[in-house]
Every structure is written in structure tokens, then in C-alpha cells.
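What's in data00.cif: mmCIF, C-alpha atoms and all ligand atoms
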```cif
data_protein
#
loop_
_atom_site.label_atom_id
_atom_site.label_comp_id
_atom_site.auth_asym_id
_atom_site.auth_seq_id
_atom_site.Cartn_x
_atom_site.Cartn_y
_atom_site.Cartn_z
CA MET A 1 0.00 0.00 0.00
CA PRO A 2 1.48 3.35 -0.98
CA ASN A 3 2.36 5.85 1.68
CA ARG A 4 -0.44 8.37 1.80
CA ASN A 5 1.58 11.04 3.54
CA GLN A 6 4.23 13.11 1.85
CA SER A 7 6.48 15.93 2.94
CA PHE A 8 8.88 18.06 0.96
CA ALA A 9 10.25 21.59 0.85
CA ALA A 10 8.11 23.72 -1.43
CA LEU A 11 7.56 27.27 -2.55
CA ILE A 12 3.93 28.34 -2.70
CA LEU A 13 3.40 29.94 -6.10
CA ARG A 14 -0.31 30.64 -5.97
CA ALA A 15 -3.30 30.41 -3.67
CA LYS A 16 -6.79 30.62 -5.05
CA ASP A 17 -10.25 29.89 -3.78
CA SER A 18 -12.41 27.41 -5.64
CA PRO A 19 -16.07 28.23 -6.35
CA SER A 20 -17.01 25.95 -3.45
CA GLY A 21 -14.87 28.04 -1.09
CA ASP A 22 -11.92 25.69 -0.73
CA ARG A 23 -8.46 27.10 -1.03
CA ILE A 24 -6.13 25.47 -3.54
CA VAL A 25 -2.41 26.17 -3.38
CA THR A 26 0.07 25.53 -6.16
CA LEU A 27 3.44 24.33 -4.88
CA LEU A 28 6.83 24.12 -6.55
CA SER A 29 9.22 21.52 -5.18
CA ALA A 30 12.41 19.91 -6.38
CA GLU A 31 11.06 16.42 -5.69
CA GLU A 32 7.45 16.53 -6.83
CA GLY A 33 7.52 19.35 -9.35
CA ILE A 34 4.42 21.55 -9.46
CA VAL A 35 1.46 20.20 -7.53
CA ASP A 36 -1.89 21.55 -6.40
CA ALA A 37 -3.16 20.84 -2.90
CA PHE A 38 -6.41 21.63 -1.13
CA VAL A 39 -6.28 23.59 2.09
CA PHE A 40 -9.37 22.93 4.13
CA GLY A 41 -10.51 25.06 7.04
CA GLY A 42 -12.37 28.34 7.29
CA ALA A 43 -11.06 31.81 6.56
CA ARG A 44 -9.67 32.08 10.10
CA SER A 45 -7.74 28.83 9.97
CA SER A 46 -4.06 29.43 10.72
CA LEU A 47 -2.93 26.91 8.11
CA ARG A 48 -5.01 28.67 5.50
CA SER A 49 -3.51 32.05 6.29
CA ALA A 50 0.01 30.60 6.34
CA ALA A 51 -0.54 29.00 2.93
CA SER A 52 0.11 32.22 1.00
CA PRO A 53 2.10 32.91 -2.13
CA PHE A 54 5.90 33.14 -1.80
CA VAL A 55 6.05 31.24 1.47
CA TYR A 56 8.79 28.60 1.40
CA ALA A 57 8.07 25.76 3.77
CA THR A 58 8.21 22.07 4.39
CA ALA A 59 4.77 20.99 3.22
CA PHE A 60 3.06 17.98 4.74
CA LEU A 61 0.47 16.47 2.45
CA TYR A 62 -2.04 13.71 2.51
CA VAL A 63 -2.56 12.03 -0.84
CA ASP A 64 -5.97 10.47 -1.41
CA PRO A 65 -5.25 7.42 -3.56
CA VAL A 66 -8.85 7.01 -4.66
CA LYS A 67 -9.94 10.55 -5.40
CA HIS A 68 -6.49 11.58 -6.62
CA TYR A 69 -6.22 14.80 -4.73
CA ARG A 70 -3.70 16.16 -2.29
CA LYS A 71 -4.60 17.87 0.93
CA LEU A 72 -2.20 20.18 2.73
CA SER A 73 -2.07 18.97 6.36
CA ASP A 74 0.59 21.27 7.73
CA LEU A 75 3.36 23.73 6.87
CA ALA A 76 6.67 24.21 8.68
CA ILE A 77 7.75 27.65 7.50
CA LEU A 78 11.32 28.00 6.27
CA GLU A 79 11.16 31.53 4.81
CA THR A 80 8.31 33.99 4.25
CA PHE A 81 10.01 36.72 2.17
CA SER A 82 7.73 39.13 4.03
CA GLY A 83 9.44 42.19 2.52
CA LEU A 84 7.85 41.33 -0.83
CA ARG A 85 4.54 42.72 0.36
CA GLU A 86 5.96 46.09 1.33
CA THR A 87 6.22 47.61 -2.14
CA TYR A 88 4.39 47.11 -5.40
CA PRO A 89 7.50 46.57 -7.62
CA ARG A 90 8.68 43.75 -5.35
CA LEU A 91 5.33 41.99 -5.19
CA TRP A 92 4.65 42.49 -8.88
CA SER A 93 8.06 41.04 -9.85
CA ALA A 94 7.48 38.03 -7.60
CA SER A 95 4.06 37.54 -9.21
CA VAL A 96 5.60 37.51 -12.69
CA ILE A 97 8.03 34.82 -11.51
CA ALA A 98 5.23 32.68 -10.08
CA GLU A 99 3.13 33.00 -13.23
CA LEU A 100 6.05 32.12 -15.50
CA VAL A 101 6.91 29.03 -13.44
CA ILE A 102 3.30 27.82 -13.52
CA ARG A 103 2.78 28.57 -17.19
CA THR A 104 6.00 26.88 -18.32
CA SER A 105 5.47 23.89 -15.98
CA GLY A 106 8.63 24.75 -14.07
CA CYS A 107 10.67 25.76 -17.12
CA GLY A 108 9.86 22.47 -18.80
CA GLY A 109 10.37 20.27 -15.74
CA GLU A 110 13.72 21.55 -14.43
CA TYR A 111 12.19 21.79 -10.97
CA ALA A 112 15.27 21.80 -8.73
CA GLU A 113 17.00 24.42 -10.86
CA VAL A 114 13.97 26.68 -11.18
CA LEU A 115 13.21 26.39 -7.45
CA ASP A 116 16.74 27.44 -6.56
CA LEU A 117 16.64 30.34 -9.02
CA SER A 118 13.22 31.46 -7.78
CA LEU A 119 14.25 31.40 -4.11
CA ARG A 120 17.35 33.45 -4.87
CA ALA A 121 15.27 35.96 -6.84
CA LEU A 122 12.69 36.29 -4.04
CA LYS A 123 15.47 36.84 -1.52
CA LEU A 124 16.88 39.68 -3.61
CA LEU A 125 13.44 41.11 -4.28
CA SER A 126 12.34 41.08 -0.66
CA ASP A 127 14.36 44.19 0.14
CA ALA A 128 14.87 45.59 -3.36
CA ASP A 129 14.27 49.16 -4.48
CA GLU A 130 12.54 49.71 -7.79
CA ARG A 131 15.76 49.56 -9.83
CA LEU A 132 17.00 46.36 -8.24
CA ALA A 133 13.56 44.76 -8.56
CA GLU A 134 13.51 45.53 -12.27
CA LEU A 135 17.00 44.13 -12.89
CA THR A 136 16.38 41.05 -10.75
CA LEU A 137 13.24 40.21 -12.69
CA LEU A 138 14.97 40.71 -16.04
CA SER A 139 17.92 38.58 -14.97
CA TYR A 140 15.58 35.89 -13.64
CA LEU A 141 13.61 35.79 -16.88
CA TRP A 142 16.80 35.67 -18.96
CA LYS A 143 18.13 32.77 -16.87
CA SER A 144 14.80 30.95 -17.12
CA LEU A 145 15.03 31.21 -20.90
CA GLY A 146 18.43 29.56 -20.56
CA VAL A 147 16.97 26.73 -18.46
CA MET A 148 14.37 26.16 -21.19
CA GLY A 149 16.93 26.31 -23.99
CA LEU A 150 15.20 29.37 -25.45
CA GLN A 151 17.87 31.97 -24.81
CA PRO A 152 19.13 33.73 -27.93
CA ASP A 153 22.91 33.98 -28.32
CA PRO A 154 23.93 37.44 -27.07
CA GLY A 155 27.32 37.31 -28.81
CA THR A 156 26.62 36.33 -32.41
CA CYS A 157 24.37 37.82 -35.09
CA SER A 158 21.58 35.32 -35.72
CA SER A 159 21.36 36.47 -39.34
CA CYS A 160 24.94 36.65 -40.65
CA GLY A 161 26.72 34.73 -37.88
CA ARG A 162 29.32 37.43 -37.26
CA PRO A 163 30.14 38.68 -33.75
CA LEU A 164 27.59 41.33 -32.78
CA SER A 165 28.73 44.89 -33.30
CA GLY A 166 25.52 46.82 -32.80
CA MET A 167 22.71 44.80 -31.34
CA ARG A 168 19.00 44.77 -31.94
CA PHE A 169 16.47 42.02 -31.60
CA SER A 170 14.83 40.41 -34.58
CA ALA A 171 11.75 38.26 -34.03
CA ALA A 172 12.09 37.01 -37.61
CA HIS A 173 15.57 35.66 -36.84
CA GLU A 174 14.61 34.66 -33.30
CA GLY A 175 17.69 36.35 -31.96
CA PHE A 176 19.94 39.39 -31.90
CA VAL A 177 21.24 40.82 -35.15
CA CYS A 178 24.10 43.18 -35.95
CA ASP A 179 23.96 46.69 -37.42
CA ALA A 180 24.51 45.35 -40.95
CA CYS A 181 21.47 43.06 -40.74
CA ASP A 182 17.81 43.93 -40.45
CA GLY A 183 16.32 44.00 -36.97
CA GLU A 184 12.91 45.27 -36.00
CA GLY A 185 13.44 46.68 -32.55
CA ALA A 186 15.35 49.59 -31.10
CA PRO A 187 19.10 49.00 -30.76
CA MET A 188 20.35 47.96 -27.33
CA SER A 189 22.14 50.76 -25.53
CA PRO A 190 25.63 50.18 -24.10
CA TRP A 191 24.02 49.97 -20.67
CA GLU A 192 21.53 47.31 -21.80
CA ARG A 193 24.34 45.29 -23.34
CA ARG A 194 26.25 45.52 -20.07
CA CYS A 195 23.21 44.29 -18.17
CA LEU A 196 22.65 41.43 -20.60
CA ALA A 197 26.30 40.37 -20.36
CA ALA A 198 26.00 40.30 -16.56
CA PHE A 199 22.72 38.34 -16.68
CA ASN A 200 24.41 35.91 -19.01
CA GLU A 201 27.73 35.42 -17.28
CA GLU A 202 27.06 36.04 -13.60
CA GLY A 203 24.61 34.96 -10.91
CA LEU A 204 21.39 36.80 -10.12
CA GLU A 205 23.24 38.54 -7.30
CA ALA A 206 25.19 40.60 -9.87
CA CYS A 207 22.00 42.70 -10.09
CA VAL A 208 22.90 44.31 -6.76
CA ARG A 209 26.09 45.71 -8.31
CA LEU A 210 24.31 46.72 -11.51
CA ALA A 211 21.59 48.54 -9.58
CA GLY A 212 24.29 50.46 -7.72
CA GLU A 213 25.93 51.46 -11.01
CA ALA A 214 22.58 52.44 -12.52
CA ARG A 215 21.90 54.90 -9.72
CA GLY A 216 24.96 56.90 -10.71
CA GLN A 217 24.02 57.43 -14.34
CA ASP A 218 21.32 59.03 -16.44
CA ALA A 219 21.27 56.69 -19.42
CA ALA A 220 20.35 53.55 -17.52
CA SER A 221 17.04 52.78 -19.19
CA THR A 222 16.36 49.13 -19.87
CA ALA A 223 13.29 49.73 -22.06
CA SER A 224 14.53 47.89 -25.16
CA LEU A 225 16.02 44.99 -23.23
CA LYS A 226 12.84 44.70 -21.20
CA GLY A 227 10.77 44.58 -24.37
CA VAL A 228 12.89 41.73 -25.75
CA ILE A 229 13.00 39.70 -22.54
CA TYR A 230 9.25 40.10 -21.90
CA TYR A 231 8.57 39.05 -25.47
CA LEU A 232 10.75 35.94 -25.14
CA ALA A 233 9.27 35.02 -21.75
CA GLN A 234 5.76 35.18 -23.17
CA LYS A 235 6.82 33.16 -26.17
CA ALA A 236 8.15 30.54 -23.74
CA ALA A 237 4.83 30.63 -21.89
CA GLU A 238 3.02 30.29 -25.23
CA GLY A 239 0.81 33.29 -24.58
CA THR A 240 0.37 36.55 -22.73
CA LEU A 241 1.42 36.56 -19.10
CA ALA A 242 -1.34 38.39 -17.22
CA THR A 243 1.16 39.84 -14.73
CA LEU A 244 3.31 41.35 -17.50
CA ALA A 245 0.25 42.75 -19.25
CA ALA A 246 -0.67 44.48 -15.99
CA GLU A 247 2.57 46.42 -15.65
ZN ZN A 301 24.51 40.34 -38.99
#
```
Please lay out the structure from this file as C-alpha cells.
Amino acid sequence: MPNRNQSFAALILRAKDSPSGDRIVTLLSAEEGIVDAFVFGGARSSLRSAASPFVYATAFLYVDPVKHYRKLSDLAILETFSGLRETYPRLWSASVIAELVIRTSGCGGEYAEVLDLSLRALKLLSDADERLAELTLLSYLWKSLGVMGLQPDPGTCSSCGRPLSGMRFSAAHEGFVCDACDGEGAPMSPWERRCLAAFNEEGLEACVRLAGEARGQDAASTASLKGVIYYLAQKAAEGTLATLAAE
């Protein structure tokens, strides 16, 4: 007889209430991937209030072998990332991350890797100012594209194959193209190319240094880069991400 009780460390990505009033949480774990679990108990139940998005905890579940549902029995909190709720840019960025993970089924099933990346992003976001939140989200999305094998090469023109001199994105070529080749978007500024190089070569934590550098300069817009990365993330999710549309 299979063991009906499970426990594993999980990040809560989403909590929603079913039409019948039950709460359903969506969990991301290295071991079990993305799973939904019912949380029973009224609105004042302590388990129900603990089972909120962006809480990282050891989740204890009961698996009903007949009805094929999971019930959350308990949570032992490991980290709450409570700072996320203090500002809109932090919470919004975290919400984009959660939606992307759900919509791409954990970046195509790379659960341990995407969990680690998500936890590191939430840690950075939980005390980030607006600039750091923006860079952390962009870096996270870029790295997720890498996990999914959907990251365009930032060093080579996807049209002529030469090293990139100028750099603009071309949807037709599904990558970056040089000045000599046709691209549709605005060219990447030197600052955007610096950011992209850091996202590509360094950990998420490099965003702290980049945000510090950005504060000292005027031309630190990431509008073009943001457009490209949002486009690619939504392509990976095979449709519009509601959180990105709401920015
Ligand atoms: Zn070219």
C-alpha cells in the first residue's frame, strides 16, 4: 500500500479559492515538481492564512489514492520573504516569476533548478528598491530562458553569424542581429548590453552591483532589453502573461 503522507520543501506559487470556497495552493518543489493541494478550514484557519504565495516551507500532504487529490495537512515555515509585500515593484516582480513558473510547468520540468533560481530571486526582491527589482526580474527571466533552452545567443548575429557589433532584436531571426542586418526593434544601448552580459555570465546577485551602477548614471534605461525579454518570456509561456500585461 502506498504511503499516503508526503512531505517536501516547497515554494507556494499561488493560492486561489475554488467556487465551493476551498483554497487550492500551487506548490513548486524539487522532488514533486508543481502540484496543487487543497487547504481545508475556514477563513480564520491558521494553516489557510500561512498558505500564502511566496512562502517557502516544508509541506506535509495527505494524498488520497482514490480521489487523486492532495490535501495540505501542515506547513513548517522556512522563509516567508515578508518584505515582498511592502512595495508594489517587489510583489509584482514576484508575481511575474510565479506566473512564469506555472505557465512553463517549471521551465519544462527543471524543478530543482527553477526552485533554486526562484528562491534566490525572491530573496533579492524582498528588500529591493525599484531599480534592483527591475534588474532582478529581467535577470531571472533571462536565466529561465536559458533553463528552457530558449535563450538567444547574445554574442553572435543570428542572421549573418558574425560577432555582434551593434545589437538589436529580430523576431524574424529569433535572436539578436548586428547593425549590418535587419532587426525590428530599437538598438540595445551600451548599458543594456552591459546588463545582458552580466545576466548571461554572472549569478542573479550581480544585479545588486548593476543597480548600484545604474543609480549613478542618467542613461540607464532598460526599455529595449525589457521589451525583448518580456517578449521571449511570453513566447516561452506560449501566450500573454497576465502579470506582465498588468505592468
Ligand atoms: Zn549580422
### Task
Output the neighbourhood of ligand ZN 301 (chain A) as a list of chain:residue names, that is, all protein and nucleic acid residues with some atom at most 6 Å from the ligand, counting all atoms listed in the file.
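Listing the residues within 6 Å of ligand ZN 301 (chain A) gives A:Cys157, A:Ser159, A:Cys160, A:Arg162, A:Val177, A:Cys178, A:Ala180, A:Cys181.
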Mind writing the picked residues with C-alpha atoms as a compact mmCIF listing (two decimals), keeping the file's coordinate frame?
```txt
# COMPACT_ATOMS: atom_id res chain seq x y z
CA CYS A 157 24.37 37.82 -35.09
CA SER A 159 21.36 36.47 -39.34
CA CYS A 160 24.94 36.65 -40.65
CA ARG A 162 29.32 37.43 -37.26
CA VAL A 177 21.24 40.82 -35.15
CA CYS A 178 24.10 43.18 -35.95
CA ALA A 180 24.51 45.35 -40.95
CA CYS A 181 21.47 43.06 -40.74
```
### Query
Leaving out Thr80 in chain A and any residue of its chain fewer than 6 positions from it, which residues lie within 8 Å of it when counting all atoms listed in the file, given as a ChimeraX atom specification?
/A:54-56
Could you tell me, as a PDB file with C-alpha atoms, in the coordinates of the input, which residues have any atom at most 10 Å from (12.8, 36.5, -9.1), counting only C-alpha atoms?
```
ATOM      1  CA  ARG A  90       8.680  43.750  -5.350  1.00  0.00           C
ATOM      2  CA  SER A  93       8.060  41.040  -9.850  1.00  0.00           C
ATOM      3  CA  ALA A  94       7.480  38.030  -7.600  1.00  0.00           C
ATOM      4  CA  SER A  95       4.060  37.540  -9.210  1.00  0.00           C
ATOM      5  CA  VAL A  96       5.600  37.510 -12.690  1.00  0.00           C
ATOM      6  CA  ILE A  97       8.030  34.820 -11.510  1.00  0.00           C
ATOM      7  CA  ALA A  98       5.230  32.680 -10.080  1.00  0.00           C
ATOM      8  CA  LEU A 117      16.640  30.340  -9.020  1.00  0.00           C
ATOM      9  CA  SER A 118      13.220  31.460  -7.780  1.00  0.00           C
ATOM     10  CA  LEU A 119      14.250  31.400  -4.110  1.00  0.00           C
ATOM     11  CA  ARG A 120      17.350  33.450  -4.870  1.00  0.00           C
ATOM     12  CA  ALA A 121      15.270  35.960  -6.840  1.00  0.00           C
ATOM     13  CA  LEU A 122      12.690  36.290  -4.040  1.00  0.00           C
ATOM     14  CA  LYS A 123      15.470  36.840  -1.520  1.00  0.00           C
ATOM     15  CA  LEU A 124      16.880  39.680  -3.610  1.00  0.00           C
ATOM     16  CA  LEU A 125      13.440  41.110  -4.280  1.00  0.00           C
ATOM     17  CA  SER A 126      12.340  41.080  -0.660  1.00  0.00           C
ATOM     18  CA  ALA A 133      13.560  44.760  -8.560  1.00  0.00           C
ATOM     19  CA  GLU A 134      13.510  45.530 -12.270  1.00  0.00           C
ATOM     20  CA  LEU A 135      17.000  44.130 -12.890  1.00  0.00           C
ATOM     21  CA  THR A 136      16.380  41.050 -10.750  1.00  0.00           C
ATOM     22  CA  LEU A 137      13.240  40.210 -12.690  1.00  0.00           C
ATOM     23  CA  LEU A 138      14.970  40.710 -16.040  1.00  0.00           C
ATOM     24  CA  SER A 139      17.920  38.580 -14.970  1.00  0.00           C
ATOM     25  CA  TYR A 140      15.580  35.890 -13.640  1.00  0.00           C
ATOM     26  CA  LEU A 141      13.610  35.790 -16.880  1.00  0.00           C
ATOM     27  CA  SER A 144      14.800  30.950 -17.120  1.00  0.00           C
ATOM     28  CA  LEU A 204      21.390  36.800 -10.120  1.00  0.00           C
TER      29      LEU A 204
END
```
### Task
Identify, on the basis of all atoms listed in the file, every residue whose closest approach to range 37-41 of chain A does not exceed 8 Å; exclude the query and any residue fewer than 5 positions from it along the same chain; express the result as a PyMOL selection string.
chain A and resi 22-27+47-48+51+61+69-73
### Query
Interatomic distance between CA of Ala10 in chain A and CA of Asp74 in chain A?
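CA of Asp74 in chain A lies 12.1 Å from CA of Ala10 in chain A.
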Set out as a Markdown table a contact list for range 50-105 of chain A and range 227-240 of chain A with a cut-off of 10 Å, giving each residue of range 50-105 of chain A that qualifies its closest atom pair and distance in Å to one decimal, counting all atoms listed in the file, ordered by chain and rising residue number.
```
| residue | atom | partner | partner_atom | distance |
| --- | --- | --- | --- | --- |
| A:Glu99 | CA | A:Ala237 | CA | 9.1 |
| A:Leu100 | CA | A:Ala237 | CA | 6.7 |
| A:Val101 | CA | A:Ala237 | CA | 8.8 |
| A:Ile102 | CA | A:Ala237 | CA | 9.0 |
| A:Arg103 | CA | A:Ala237 | CA | 5.5 |
| A:Thr104 | CA | A:Ala237 | CA | 5.3 |
| A:Ser105 | CA | A:Ala237 | CA | 9.0 |
```
### Query
Which residue, A:Phe8, A:Tyr88, A:Phe60, A:Trp191, has the smallest gap to Ala128 in chain A when you use all atoms listed in the file?
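Smallest distance to Ala128 in chain A is found for A:Tyr88.
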### Query
When you draw a straight line from CA of Ala57 in chain A to CA of Leu84 in chain A, how long is it in Å?
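Between CA of Ala57 in chain A and CA of Leu84 in chain A the gap works out to 16.2 Å.
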